[in-house]
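Peer 1: Here you go, this is target.cif (mmCIF, C-alpha atoms and all ligand atoms).
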```cif
data_query
loop_
_atom_site.label_atom_id
_atom_site.label_comp_id
_atom_site.auth_asym_id
_atom_site.auth_seq_id
_atom_site.Cartn_x
_atom_site.Cartn_y
_atom_site.Cartn_z
CA MET A 20 57.70 -33.56 -32.79
CA ALA A 21 57.36 -32.15 -29.32
CA THR A 22 56.64 -34.69 -26.68
CA VAL A 23 57.79 -33.67 -23.22
CA ALA A 24 59.06 -36.39 -20.89
CA LEU A 25 59.91 -35.77 -17.27
CA SER A 26 61.59 -38.51 -15.32
CA SER A 27 62.18 -38.44 -11.58
CA ILE A 28 62.41 -34.67 -11.35
CA ALA A 29 63.39 -33.70 -7.82
CA LYS A 30 64.06 -30.24 -6.47
CA ALA A 31 64.66 -28.67 -3.09
CA PHE A 32 65.24 -25.06 -2.15
CA GLY A 33 67.65 -25.30 0.77
CA THR A 34 66.05 -27.77 3.14
CA THR A 35 62.56 -27.38 1.64
CA LYS A 36 61.75 -30.31 -0.63
CA VAL A 37 59.57 -28.92 -3.40
CA LEU A 38 59.41 -31.74 -5.97
CA GLY A 39 59.81 -35.35 -4.95
CA GLY A 40 60.64 -37.26 -8.13
CA VAL A 41 57.99 -36.30 -10.67
CA ASP A 42 57.40 -38.55 -13.71
CA LEU A 43 55.20 -37.23 -16.47
CA ASP A 44 54.89 -38.00 -20.20
CA ILE A 45 53.17 -35.37 -22.30
CA ALA A 46 52.09 -36.23 -25.82
CA ASP A 47 52.90 -34.20 -28.93
CA GLY A 48 50.23 -31.55 -29.37
CA GLU A 49 48.60 -32.25 -26.03
CA PHE A 50 47.08 -29.59 -23.77
CA LEU A 51 48.21 -30.70 -20.32
CA THR A 52 47.38 -28.76 -17.21
CA LEU A 53 49.19 -28.87 -13.89
CA VAL A 54 46.69 -27.98 -11.22
CA GLY A 55 46.97 -27.94 -7.45
CA PRO A 56 46.94 -25.78 -4.35
CA SER A 57 49.28 -22.86 -3.85
CA GLY A 58 52.84 -23.89 -3.08
CA CYS A 59 52.54 -27.47 -4.39
CA GLY A 60 55.38 -26.98 -6.89
CA LYS A 61 53.61 -26.24 -10.19
CA SER A 62 55.67 -23.17 -11.11
CA THR A 63 58.87 -24.86 -10.06
CA LEU A 64 58.11 -27.82 -12.34
CA ILE A 65 57.21 -25.70 -15.38
CA ARG A 66 60.27 -23.50 -14.82
CA ILE A 67 62.44 -26.62 -14.82
CA ILE A 68 60.93 -27.64 -18.19
CA ALA A 69 61.67 -24.13 -19.48
CA GLY A 70 65.24 -24.28 -18.23
CA LEU A 71 64.74 -21.29 -15.93
CA GLU A 72 65.36 -23.47 -12.91
CA GLN A 73 67.76 -26.40 -12.56
CA GLN A 74 66.48 -29.66 -11.08
CA ASP A 75 68.56 -31.44 -8.43
CA SER A 76 68.05 -34.80 -10.11
CA GLY A 77 66.03 -36.36 -12.91
CA SER A 78 65.83 -35.36 -16.54
CA VAL A 79 63.73 -33.47 -19.06
CA ALA A 80 63.41 -34.54 -22.69
CA ILE A 81 61.66 -32.52 -25.38
CA GLY A 82 60.88 -34.20 -28.68
CA GLY A 83 62.80 -37.23 -27.46
CA ASN A 84 66.03 -35.31 -26.86
CA GLY A 85 67.50 -34.57 -23.44
CA VAL A 86 67.54 -30.82 -22.83
CA ASP A 87 69.07 -30.72 -19.37
CA TYR A 88 72.18 -28.99 -20.65
CA LEU A 89 70.40 -26.59 -22.98
CA ARG A 90 69.69 -23.00 -22.08
CA PRO A 91 66.05 -21.77 -22.13
CA HIS A 92 66.19 -20.25 -25.63
CA GLU A 93 67.77 -23.42 -27.04
CA ARG A 94 64.88 -25.63 -25.91
CA ARG A 95 62.30 -24.48 -28.51
CA VAL A 96 59.88 -23.63 -25.75
CA ALA A 97 58.18 -20.32 -25.03
CA MET A 98 56.94 -19.26 -21.65
CA VAL A 99 53.97 -17.01 -20.87
CA PHE A 100 53.77 -15.65 -17.35
CA GLN A 101 51.04 -14.32 -15.11
CA SER A 102 52.67 -10.90 -15.11
CA TYR A 103 52.84 -10.35 -18.85
CA ALA A 104 56.44 -9.16 -18.54
CA LEU A 105 56.08 -6.71 -21.45
CA TYR A 106 58.57 -3.87 -21.91
CA PRO A 107 56.60 -0.73 -21.00
CA HIS A 108 58.67 1.68 -23.11
CA MET A 109 58.33 -0.40 -26.27
CA SER A 110 55.39 -0.56 -28.66
CA VAL A 111 53.32 -3.72 -29.07
CA ARG A 112 55.08 -4.29 -32.39
CA ALA A 113 58.53 -4.04 -30.78
CA ASN A 114 57.51 -6.25 -27.88
CA ILE A 115 56.37 -9.02 -30.20
CA ALA A 116 59.36 -8.57 -32.54
CA LEU A 117 61.94 -8.71 -29.78
CA PRO A 118 62.45 -12.49 -29.60
CA LEU A 119 62.90 -12.59 -33.39
CA MET A 120 65.37 -9.72 -33.34
CA MET A 121 67.39 -11.49 -30.69
CA ALA A 122 67.37 -14.67 -32.76
CA ARG A 123 67.85 -13.32 -36.29
CA LEU A 124 69.99 -10.21 -35.96
CA LYS A 125 73.64 -10.17 -35.09
CA LEU A 126 74.65 -8.04 -32.13
CA TRP A 127 76.06 -5.21 -34.23
CA GLN A 128 72.90 -5.12 -36.31
CA ARG A 129 71.02 -4.24 -33.14
CA LEU A 130 73.28 -1.27 -32.34
CA PRO A 131 71.69 2.17 -32.92
CA LEU A 132 74.00 3.73 -35.54
CA LEU A 133 75.67 0.87 -37.29
CA ARG A 134 72.37 -0.75 -38.03
CA LEU A 135 71.27 2.07 -40.28
CA LEU A 136 74.07 1.26 -42.69
CA SER A 137 73.24 -2.36 -43.27
CA GLY A 138 71.14 -3.58 -46.15
CA GLN A 139 71.25 -7.06 -44.69
CA ARG A 140 69.65 -5.77 -41.55
CA ARG A 141 66.90 -4.08 -43.48
CA LYS A 142 66.07 -7.34 -45.19
CA ALA A 143 66.06 -9.28 -41.91
CA MET A 144 63.84 -6.63 -40.32
CA ALA A 145 61.37 -6.86 -43.19
CA GLY A 146 61.10 -10.61 -42.59
CA ILE A 147 60.63 -10.07 -38.86
CA MET A 148 57.86 -7.53 -39.42
CA THR A 149 56.05 -9.92 -41.79
CA ASP A 150 56.09 -12.56 -39.04
CA VAL A 151 54.97 -10.04 -36.42
CA ASP A 152 52.06 -8.98 -38.62
CA ALA A 153 51.02 -12.59 -39.14
CA VAL A 154 50.98 -13.28 -35.41
CA ALA A 155 49.22 -9.99 -34.67
CA ALA A 156 46.53 -10.86 -37.18
CA GLN A 157 45.99 -14.26 -35.56
CA LEU A 158 45.51 -12.61 -32.17
CA GLN A 159 43.52 -9.64 -33.49
CA LEU A 160 46.21 -7.21 -32.40
CA GLY A 161 46.74 -5.62 -35.80
CA HIS A 162 45.18 -2.29 -34.87
CA LEU A 163 47.14 -2.06 -31.60
CA LEU A 164 50.67 -2.54 -32.90
CA ASP A 165 51.77 1.06 -32.33
CA ARG A 166 50.44 1.34 -28.80
CA LYS A 167 52.46 0.97 -25.61
CA PRO A 168 51.45 -1.74 -23.10
CA ALA A 169 50.05 0.91 -20.72
CA GLN A 170 47.48 1.82 -23.39
CA LEU A 171 46.06 -1.72 -23.51
CA SER A 172 43.49 -3.61 -21.48
CA GLY A 173 44.53 -6.60 -19.43
CA GLY A 174 43.24 -9.04 -22.01
CA GLN A 175 45.04 -7.22 -24.82
CA ARG A 176 48.29 -7.22 -22.83
CA GLN A 177 47.94 -10.94 -22.29
CA ARG A 178 47.44 -11.42 -26.03
CA VAL A 179 50.62 -9.44 -26.70
CA ALA A 180 52.46 -11.74 -24.29
CA LEU A 181 51.01 -14.71 -26.18
CA GLY A 182 52.08 -13.15 -29.46
CA ARG A 183 55.60 -12.74 -28.20
CA ALA A 184 55.59 -16.45 -27.31
CA MET A 185 54.07 -17.49 -30.67
CA VAL A 186 56.31 -15.48 -32.92
CA ARG A 187 59.21 -17.92 -32.71
CA SER A 188 56.89 -20.89 -33.47
CA PRO A 189 57.98 -22.90 -30.45
CA ASP A 190 57.21 -26.60 -30.22
CA VAL A 191 56.06 -26.25 -26.64
CA PHE A 192 54.17 -23.43 -24.92
CA LEU A 193 54.65 -23.20 -21.17
CA MET A 194 52.06 -21.04 -19.44
CA ASP A 195 52.11 -20.19 -15.75
CA GLU A 196 48.74 -18.81 -14.63
CA PRO A 197 48.49 -16.55 -17.70
CA LEU A 198 44.89 -15.55 -16.98
CA SER A 199 44.95 -14.91 -13.27
CA ASN A 200 45.36 -11.13 -13.58
CA LEU A 201 42.23 -10.82 -15.69
CA ASP A 202 38.74 -10.16 -14.39
CA ALA A 203 36.29 -13.06 -14.26
CA LYS A 204 34.52 -12.38 -17.53
CA LEU A 205 37.67 -11.87 -19.54
CA ARG A 206 39.15 -15.01 -18.03
CA VAL A 207 36.22 -17.02 -19.34
CA HIS A 208 36.63 -15.45 -22.77
CA MET A 209 40.39 -16.06 -22.85
CA ARG A 210 39.85 -19.71 -21.89
CA THR A 211 38.06 -20.18 -25.20
CA GLU A 212 40.70 -18.19 -27.07
CA LEU A 213 43.52 -20.27 -25.62
CA ALA A 214 41.76 -23.54 -26.38
CA GLU A 215 41.20 -22.41 -29.98
CA LEU A 216 44.77 -21.18 -30.29
CA HIS A 217 45.97 -24.57 -29.12
CA LYS A 218 43.89 -26.31 -31.75
CA ARG A 219 45.07 -23.97 -34.48
CA LEU A 220 48.77 -24.17 -33.66
CA GLY A 221 48.87 -27.89 -32.93
CA ALA A 222 51.71 -27.24 -30.47
CA THR A 223 52.13 -28.87 -27.08
CA PHE A 224 50.73 -26.73 -24.28
CA ILE A 225 51.70 -27.15 -20.64
CA TYR A 226 49.53 -24.93 -18.54
CA VAL A 227 49.73 -24.14 -14.83
CA THR A 228 46.76 -23.00 -12.82
CA HIS A 229 45.31 -23.36 -9.36
CA ASP A 230 41.86 -22.76 -10.85
CA GLN A 231 40.24 -26.16 -11.32
CA VAL A 232 37.64 -24.72 -13.72
CA GLU A 233 40.41 -23.62 -16.10
CA ALA A 234 41.97 -27.05 -15.81
CA MET A 235 38.69 -28.82 -16.50
CA THR A 236 37.57 -26.68 -19.44
CA MET A 237 40.71 -26.45 -21.56
CA SER A 238 42.80 -29.54 -21.06
CA ASP A 239 43.18 -32.86 -22.80
CA ARG A 240 44.61 -34.18 -19.54
CA VAL A 241 45.07 -32.77 -16.08
CA ALA A 242 47.84 -33.61 -13.61
CA MET A 243 46.68 -32.82 -10.13
CA MET A 244 49.64 -32.01 -7.87
CA ASP A 245 49.98 -31.78 -4.13
CA SER A 246 53.13 -31.33 -2.02
CA GLY A 247 55.49 -31.83 -4.95
CA ALA A 248 53.90 -35.01 -6.28
CA ILE A 249 51.32 -35.88 -8.93
CA LEU A 250 48.28 -37.33 -7.17
CA GLN A 251 46.37 -38.21 -10.32
CA LEU A 252 46.83 -37.85 -14.06
CA GLY A 253 43.85 -38.20 -16.35
CA THR A 254 41.26 -36.54 -18.53
CA PRO A 255 39.10 -33.91 -16.83
CA SER A 256 36.18 -36.35 -16.67
CA GLN A 257 38.33 -39.12 -15.21
CA LEU A 258 39.38 -36.80 -12.39
CA TYR A 259 35.83 -35.66 -11.84
CA GLU A 260 34.12 -39.02 -12.13
CA LYS A 261 36.75 -41.25 -10.57
CA PRO A 262 38.92 -39.21 -8.21
CA ALA A 263 41.70 -41.47 -6.93
CA SER A 264 41.82 -39.80 -3.55
CA LEU A 265 39.90 -37.55 -1.23
CA LYS A 266 42.28 -34.68 -2.04
CA VAL A 267 41.53 -34.89 -5.76
CA ALA A 268 37.80 -35.18 -5.07
CA GLN A 269 37.88 -32.08 -2.88
CA PHE A 270 39.94 -30.02 -5.30
CA ILE A 271 38.10 -30.83 -8.53
CA GLY A 272 34.53 -29.64 -8.92
CA SER A 273 32.58 -26.56 -7.90
CA PRO A 274 30.75 -26.42 -5.56
CA ALA A 275 33.13 -28.69 -3.65
CA ILE A 276 32.08 -32.31 -3.27
CA ASN A 277 29.93 -33.12 -0.22
CA LEU A 278 31.63 -35.34 2.32
CA LEU A 279 29.66 -37.49 4.75
CA PRO A 280 31.11 -39.76 7.43
CA ALA A 281 30.09 -43.41 7.20
CA THR A 282 31.17 -46.65 8.82
CA VAL A 283 31.68 -50.19 7.64
CA GLY A 284 29.02 -52.48 9.15
CA THR A 285 28.47 -56.21 8.88
CA ALA A 286 29.51 -57.94 5.66
CA GLY A 287 31.28 -54.78 4.59
CA ARG A 288 28.04 -52.89 4.11
CA LEU A 289 28.31 -49.19 4.70
CA GLU A 290 26.16 -47.41 7.23
CA LEU A 291 25.25 -43.79 6.79
CA PHE A 292 24.05 -42.07 9.96
CA GLY A 293 23.34 -45.52 11.43
CA ARG A 294 21.30 -46.77 8.46
CA PRO A 295 22.67 -49.64 6.35
CA MET A 296 23.25 -48.93 2.69
CA ALA A 297 23.38 -51.33 -0.24
CA LEU A 298 27.01 -50.30 -0.87
CA ALA A 299 29.60 -52.70 0.47
CA VAL A 300 33.39 -52.54 0.56
CA ALA A 301 36.08 -55.10 1.28
CA ARG A 302 36.90 -53.68 4.69
CA ALA A 303 36.53 -54.89 8.27
CA ALA A 304 33.51 -53.79 10.30
CA GLY A 305 33.94 -50.68 12.39
CA GLN A 306 36.25 -48.84 10.00
CA ALA A 307 35.45 -45.23 9.21
CA VAL A 308 35.08 -44.18 5.59
CA THR A 309 34.10 -40.95 3.87
CA LEU A 310 31.36 -40.77 1.27
CA GLY A 311 31.77 -38.15 -1.43
CA ILE A 312 28.59 -36.98 -3.14
CA ARG A 313 28.55 -34.31 -5.82
CA ALA A 314 26.05 -31.46 -5.48
CA GLU A 315 24.23 -32.61 -8.63
CA ALA A 316 23.84 -36.15 -7.26
CA LEU A 317 21.57 -35.00 -4.43
CA THR A 318 17.82 -34.73 -4.90
CA LEU A 319 14.88 -33.77 -2.73
CA VAL A 320 12.91 -36.79 -1.59
CA HIS A 321 9.17 -36.53 -1.18
CA GLY A 322 7.23 -39.18 0.66
CA GLU A 323 8.81 -42.55 1.42
CA PRO A 324 12.60 -42.32 1.16
CA ALA A 325 12.87 -46.01 0.29
CA GLY A 326 14.32 -47.72 -2.76
CA ALA A 327 17.17 -50.19 -3.14
CA GLY A 328 20.47 -48.48 -3.76
CA ARG A 329 19.08 -45.12 -2.67
CA ALA A 330 20.39 -43.51 0.52
CA TRP A 331 18.81 -40.58 2.33
CA PHE A 332 19.21 -38.28 5.30
CA SER A 333 17.41 -35.26 6.66
CA ALA A 334 18.69 -31.73 6.39
CA ARG A 335 17.61 -28.16 6.95
CA LEU A 336 17.96 -25.36 4.38
CA ARG A 337 20.40 -22.67 5.49
CA ARG A 338 20.74 -20.56 2.36
CA LYS A 339 19.81 -20.38 -1.31
CA GLU A 340 22.48 -19.17 -3.67
CA ASN A 341 21.01 -17.84 -6.89
CA LEU A 342 23.27 -18.37 -9.92
CA GLY A 343 20.64 -17.32 -12.41
CA SER A 344 20.26 -20.52 -14.40
CA GLU A 345 20.36 -22.63 -11.26
CA TYR A 346 20.53 -22.47 -7.49
CA ILE A 347 23.02 -23.91 -5.06
CA LEU A 348 21.10 -24.90 -1.94
CA HIS A 349 23.10 -25.02 1.29
CA PHE A 350 21.79 -27.40 3.95
CA ASP A 351 22.74 -28.02 7.56
CA LEU A 352 22.65 -31.55 8.86
CA ALA A 353 20.84 -30.90 12.11
CA GLY A 354 22.32 -32.70 15.07
CA ARG A 355 24.85 -34.51 12.90
CA ASP A 356 28.54 -34.55 13.40
CA ALA A 357 29.08 -33.49 9.80
CA ALA A 358 29.51 -30.34 7.81
CA GLY A 359 26.58 -29.14 5.71
CA VAL A 360 25.90 -30.22 2.16
CA THR A 361 25.24 -28.35 -1.06
CA MET A 362 22.81 -29.37 -3.78
CA ARG A 363 22.28 -28.08 -7.30
CA ALA A 364 18.67 -27.29 -8.06
CA SER A 365 16.66 -25.73 -10.85
CA PRO A 366 14.95 -22.42 -9.95
CA ALA A 367 11.60 -24.26 -9.85
CA ILE A 368 12.84 -26.82 -7.35
CA ALA A 369 14.61 -24.17 -5.28
CA ALA A 370 11.39 -22.17 -5.05
CA GLY A 371 9.74 -25.14 -3.37
CA VAL A 372 12.18 -25.30 -0.45
CA ASN A 373 11.52 -23.05 2.50
CA GLU A 374 14.16 -21.55 4.71
CA ALA A 375 14.73 -23.62 7.87
CA ALA A 376 12.27 -26.32 6.77
CA GLU A 377 13.42 -29.87 7.35
CA VAL A 378 13.68 -31.88 4.15
CA THR A 379 14.89 -35.29 3.09
CA LEU A 380 17.77 -35.49 0.65
CA GLY A 381 18.52 -38.62 -1.28
CA PHE A 382 21.18 -39.90 -3.64
CA ASP A 383 21.97 -42.84 -5.81
CA GLU A 384 24.51 -44.88 -3.87
CA ALA A 385 26.20 -45.90 -7.10
CA ALA A 386 26.97 -42.22 -7.76
CA SER A 387 28.88 -41.77 -4.52
CA HIS A 388 32.62 -41.98 -4.04
CA ILE A 389 34.05 -43.95 -1.14
CA PHE A 390 37.36 -43.07 0.53
CA ASP A 391 39.10 -44.93 3.32
CA ALA A 392 40.66 -43.34 6.40
CA ASP A 393 43.86 -42.61 4.42
CA GLY A 394 41.84 -40.80 1.76
CA ASP A 395 42.34 -43.48 -0.90
CA ARG A 396 39.46 -44.38 -3.19
CA LEU A 397 37.64 -47.63 -2.43
CA GLU A 398 35.71 -49.45 -5.11
CA PRO A 399 32.44 -50.93 -3.88
CA ARG A 400 32.14 -54.70 -3.76
CA GLY A 401 29.70 -56.41 -6.08
CA GLN A 402 29.11 -53.19 -7.91
CA GLY A 403 27.46 -55.14 -10.74
CA SER A 404 24.56 -56.30 -8.60
CA LEU A 405 24.19 -52.84 -7.06
CA ARG A 406 24.12 -51.21 -10.47
CA ALA A 407 21.50 -53.72 -11.58
CA SER A 408 19.34 -52.97 -8.58
CA VAL A 409 19.28 -49.23 -9.23
CA VAL A 410 18.46 -49.44 -12.92
CA PRO A 411 14.77 -48.61 -12.66
CA LEU A 412 12.90 -50.25 -15.53
CA ARG A 413 13.85 -51.91 -18.73
CA ALA A 414 11.49 -50.68 -21.36
N1 LIG B 501 63.53 -19.53 -5.41
C1 LIG B 501 62.97 -20.13 -4.33
N2 LIG B 501 63.61 -20.20 -3.16
C2 LIG B 501 63.08 -20.81 -2.09
N3 LIG B 501 61.88 -21.41 -2.09
C3 LIG B 501 61.17 -21.38 -3.22
C4 LIG B 501 61.68 -20.74 -4.40
N4 LIG B 501 60.75 -20.87 -5.38
C5 LIG B 501 59.72 -21.55 -4.83
N5 LIG B 501 59.97 -21.86 -3.54
C6 LIG B 501 59.09 -22.65 -2.65
O1 LIG B 501 58.77 -23.85 -3.29
C7 LIG B 501 57.43 -24.23 -3.07
C8 LIG B 501 56.71 -24.42 -4.38
O2 LIG B 501 56.65 -23.18 -5.04
P1 LIG B 501 55.95 -23.01 -6.46
O3 LIG B 501 56.13 -21.59 -6.86
O4 LIG B 501 56.47 -24.04 -7.38
O5 LIG B 501 54.44 -23.31 -6.09
P2 LIG B 501 53.12 -23.16 -6.98
O6 LIG B 501 52.48 -24.49 -7.00
O7 LIG B 501 53.46 -22.55 -8.28
O8 LIG B 501 52.22 -22.17 -6.11
P3 LIG B 501 51.24 -20.96 -6.59
O9 LIG B 501 49.96 -21.61 -7.00
O10 LIG B 501 51.07 -20.17 -5.34
O11 LIG B 501 51.92 -20.20 -7.68
C9 LIG B 501 56.83 -23.14 -2.18
O12 LIG B 501 56.85 -23.58 -0.85
C10 LIG B 501 57.77 -21.97 -2.39
O13 LIG B 501 57.82 -21.17 -1.24
MG MG B 502 53.05 -20.68 -9.18
#
```
Please, can you express the file's structure as structure tokens?

Peer 2:
Amino acid sequence: MATVALSSIAKAFGTTKVLGGVDLDIADGEFLTLVGPSGCGKSTLIRIIAGLEQQDSGSVAIGGNGVDYLRPHERRVAMVFQSYALYPHMSVRANIALPLMMARLKLWQRLPLLRLLSGQRRKAMAGIMTDVDAVAAQLQLGHLLDRKPAQLSGGQRQRVALGRAMVRSPDVFLMDEPLSNLDAKLRVHMRTELAELHKRLGATFIYVTHDQVEAMTMSDRVAMMDSGAILQLGTPSQLYEKPASLKVAQFIGSPAINLLPATVGTAGRLELFGRPMALAVARAAGQAVTLGIRAEALTLVHGEPAGAGRAWFSARLRRKENLGSEYILHFDLAGRDAAGVTMRASPAIAAGVNEAAEVTLGFDEAASHIFDADGDRLEPRGQGSLRASVVPLRA
């Protein structure tokens, strides 16, 4: 069993507070990703789990046992780094075998001359090589075992680093941005490989990245961190569909969520650019809120922009971004005190929008996210009736 439980982990480097009491329970066999902006403390946290860094307070338990006094190699965890940290003078085979040699051979059996004399050593080495071959076969490295790291591609090097982590069958894999040195295409490919490896091994994976796409595509759950704290913990779709704060909403999703300023009017009803919406919140009139609208929630409105529970505003096309299968349309909000917005569109729809033409964009109010002035998520009031009013027709 390899649950990982963190309780109140705090860490400072000198006077810089890096982690402010992190609690996190990771299930056995889970793929959990720590995601967040640079410097938020992800590497520090994963290094504390590995035992490479000592926390100031709080505790780490793996498989239900406290490991705070265990050294890294005693924790049954394996770490994979961004820089593959392979030994350049050693073959792939020797690189993968190294952790097993350290674990299974006595010191004198590793010495150059004495080792030749030992039958015991030969037997241990045969066992090690069997295990290395098995791991190499799993990672499709069999034909590369005699090469040196310099003779491998980036993706192959990363697989060797994975192999070196796998060979000791750890209960927990700790990975700190393992794909960030790879080019875009290989990164996409390795995402699938890692997800499949996780399924095959059934081990617990704790994965660090600042790439929200990696977090969204591979993980069972994502912990979004900022300034040494976990802002939200949930499945990828929970973070995407119900971001608990403006920071989470802005970090998760590409293109980034559109943000529009709105105010609370009478009876809590929101007003967007001076027009009342159907959405209402339990806040006093006059308060400023931010509406978050995903790029796929926006549509072009032709003719009358009416409809209960539908909001709209006018915009001017600035740029079309062609992604092949779809376009991202960038609009300016002419004369508005707001940044532009982006909208996903099919090539056919994109073809119908002319540069600099003024258009009307609309969205389902129920699909928008509301955040108060502190950036906390607000749930709309009477959402039931609003939902009912936007359901078009019951067949
Ligand atoms: N050994 C150290 N000594 C002093 N400060 C450190 C040390 N290690 C990390 N820090 C600081 O702690 C903070 C968190 O660093 P950490 O490496 O955990 O961030 P991160 O989330 O992994 O960022 P990135 O995405 O850039 O890798 C940063 O401000 C960093 O400068
Ligand atoms: Mg880091």

Peer 1: Residues within 7 Å of range 340-353 of chain A, please, as a list of chain:residue names. Count all atoms listed in the file; anything in the same chain fewer than 6 positions from it doesn't count.

Peer 2: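 The contact residues come out as A:Ser333, A:Ala334, A:Gly359, A:Val360, A:Thr361, A:Met362, A:Arg363, A:Ala364, A:Ser365, A:Pro366, A:Ala369.
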
Peer 1: Pick from A:Leu89, A:Ala21, A:Met194, A:Met185: nearest to ligand MG 502 (chain B), with only C-alpha atoms and all ligand atoms counted?

Peer 2: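 Among the listed residues, the smallest separation from ligand MG 502 (chain B) belongs to A:Met194.
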
Peer 1: Quick one: residues within 8 Å of ligand LIG 501 (chain B), with only C-alpha atoms and all ligand atoms, as a list in words?

Peer 2: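 Within the 8 Å cut-off, the matching residues are Ala31, Phe32, Gly33, Thr35, Lys36, Val37, Leu38, Val54, Gly55, Pro56, Ser57, Gly58, Cys59, Gly60, Lys61, Ser62, Thr63, Leu64, Asp195, Glu196, Val227, Thr228, His229 and Gly247 of chain A.
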
Peer 1: Kindly give the distance, in Å, that separates CA of Leu397 in chain A and CA of Phe270 in chain A, rounded to a single decimal.

Peer 2: 18.0 Å

Peer 1: Would you write out, as CSV, a table of all residues in range 245-280 of chain A that have an atom no more than 6 Å from an atom of range 304-326 of chain A, listing for each the closest atom pair and the distance in Å to one decimal, considering only C-alpha atoms and ordering rows by chain and rising residue number?

Peer 2:
```
residue,atom,partner,partner_atom,distance
A:Ile276,CA,A:Arg313,CA,4.8
A:Asn277,CA,A:Ile312,CA,5.0
A:Leu278,CA,A:Gly311,CA,4.7
A:Leu279,CA,A:Leu310,CA,5.1
A:Pro280,CA,A:Thr309,CA,4.8
```

Peer 1: Would you mind reading off the distance between CA of Met296 in chain A and CA of Ala375 in chain A, one decimal, in Å?

Peer 2: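 Separation between CA of Met296 in chain A and CA of Ala375 in chain A: 27.2 Å.
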
Peer 1: In Å, with one decimal, what is the gap from CA of Ala299 in chain A to CA of Val283 in chain A?

Peer 2: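 One can read the CA of Ala299 in chain A to CA of Val283 in chain A distance as 7.9 Å.
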
Peer 1: Between A:Ser76, A:Thr52, A:Ser188, A:Gln128, which is the closest to Ala97 in chain A once you count all atoms listed in the file?

Peer 2: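 Going through A:Ser76, A:Thr52, A:Ser188, A:Gln128 one by one, the smallest distance to Ala97 in chain A is for A:Ser188.
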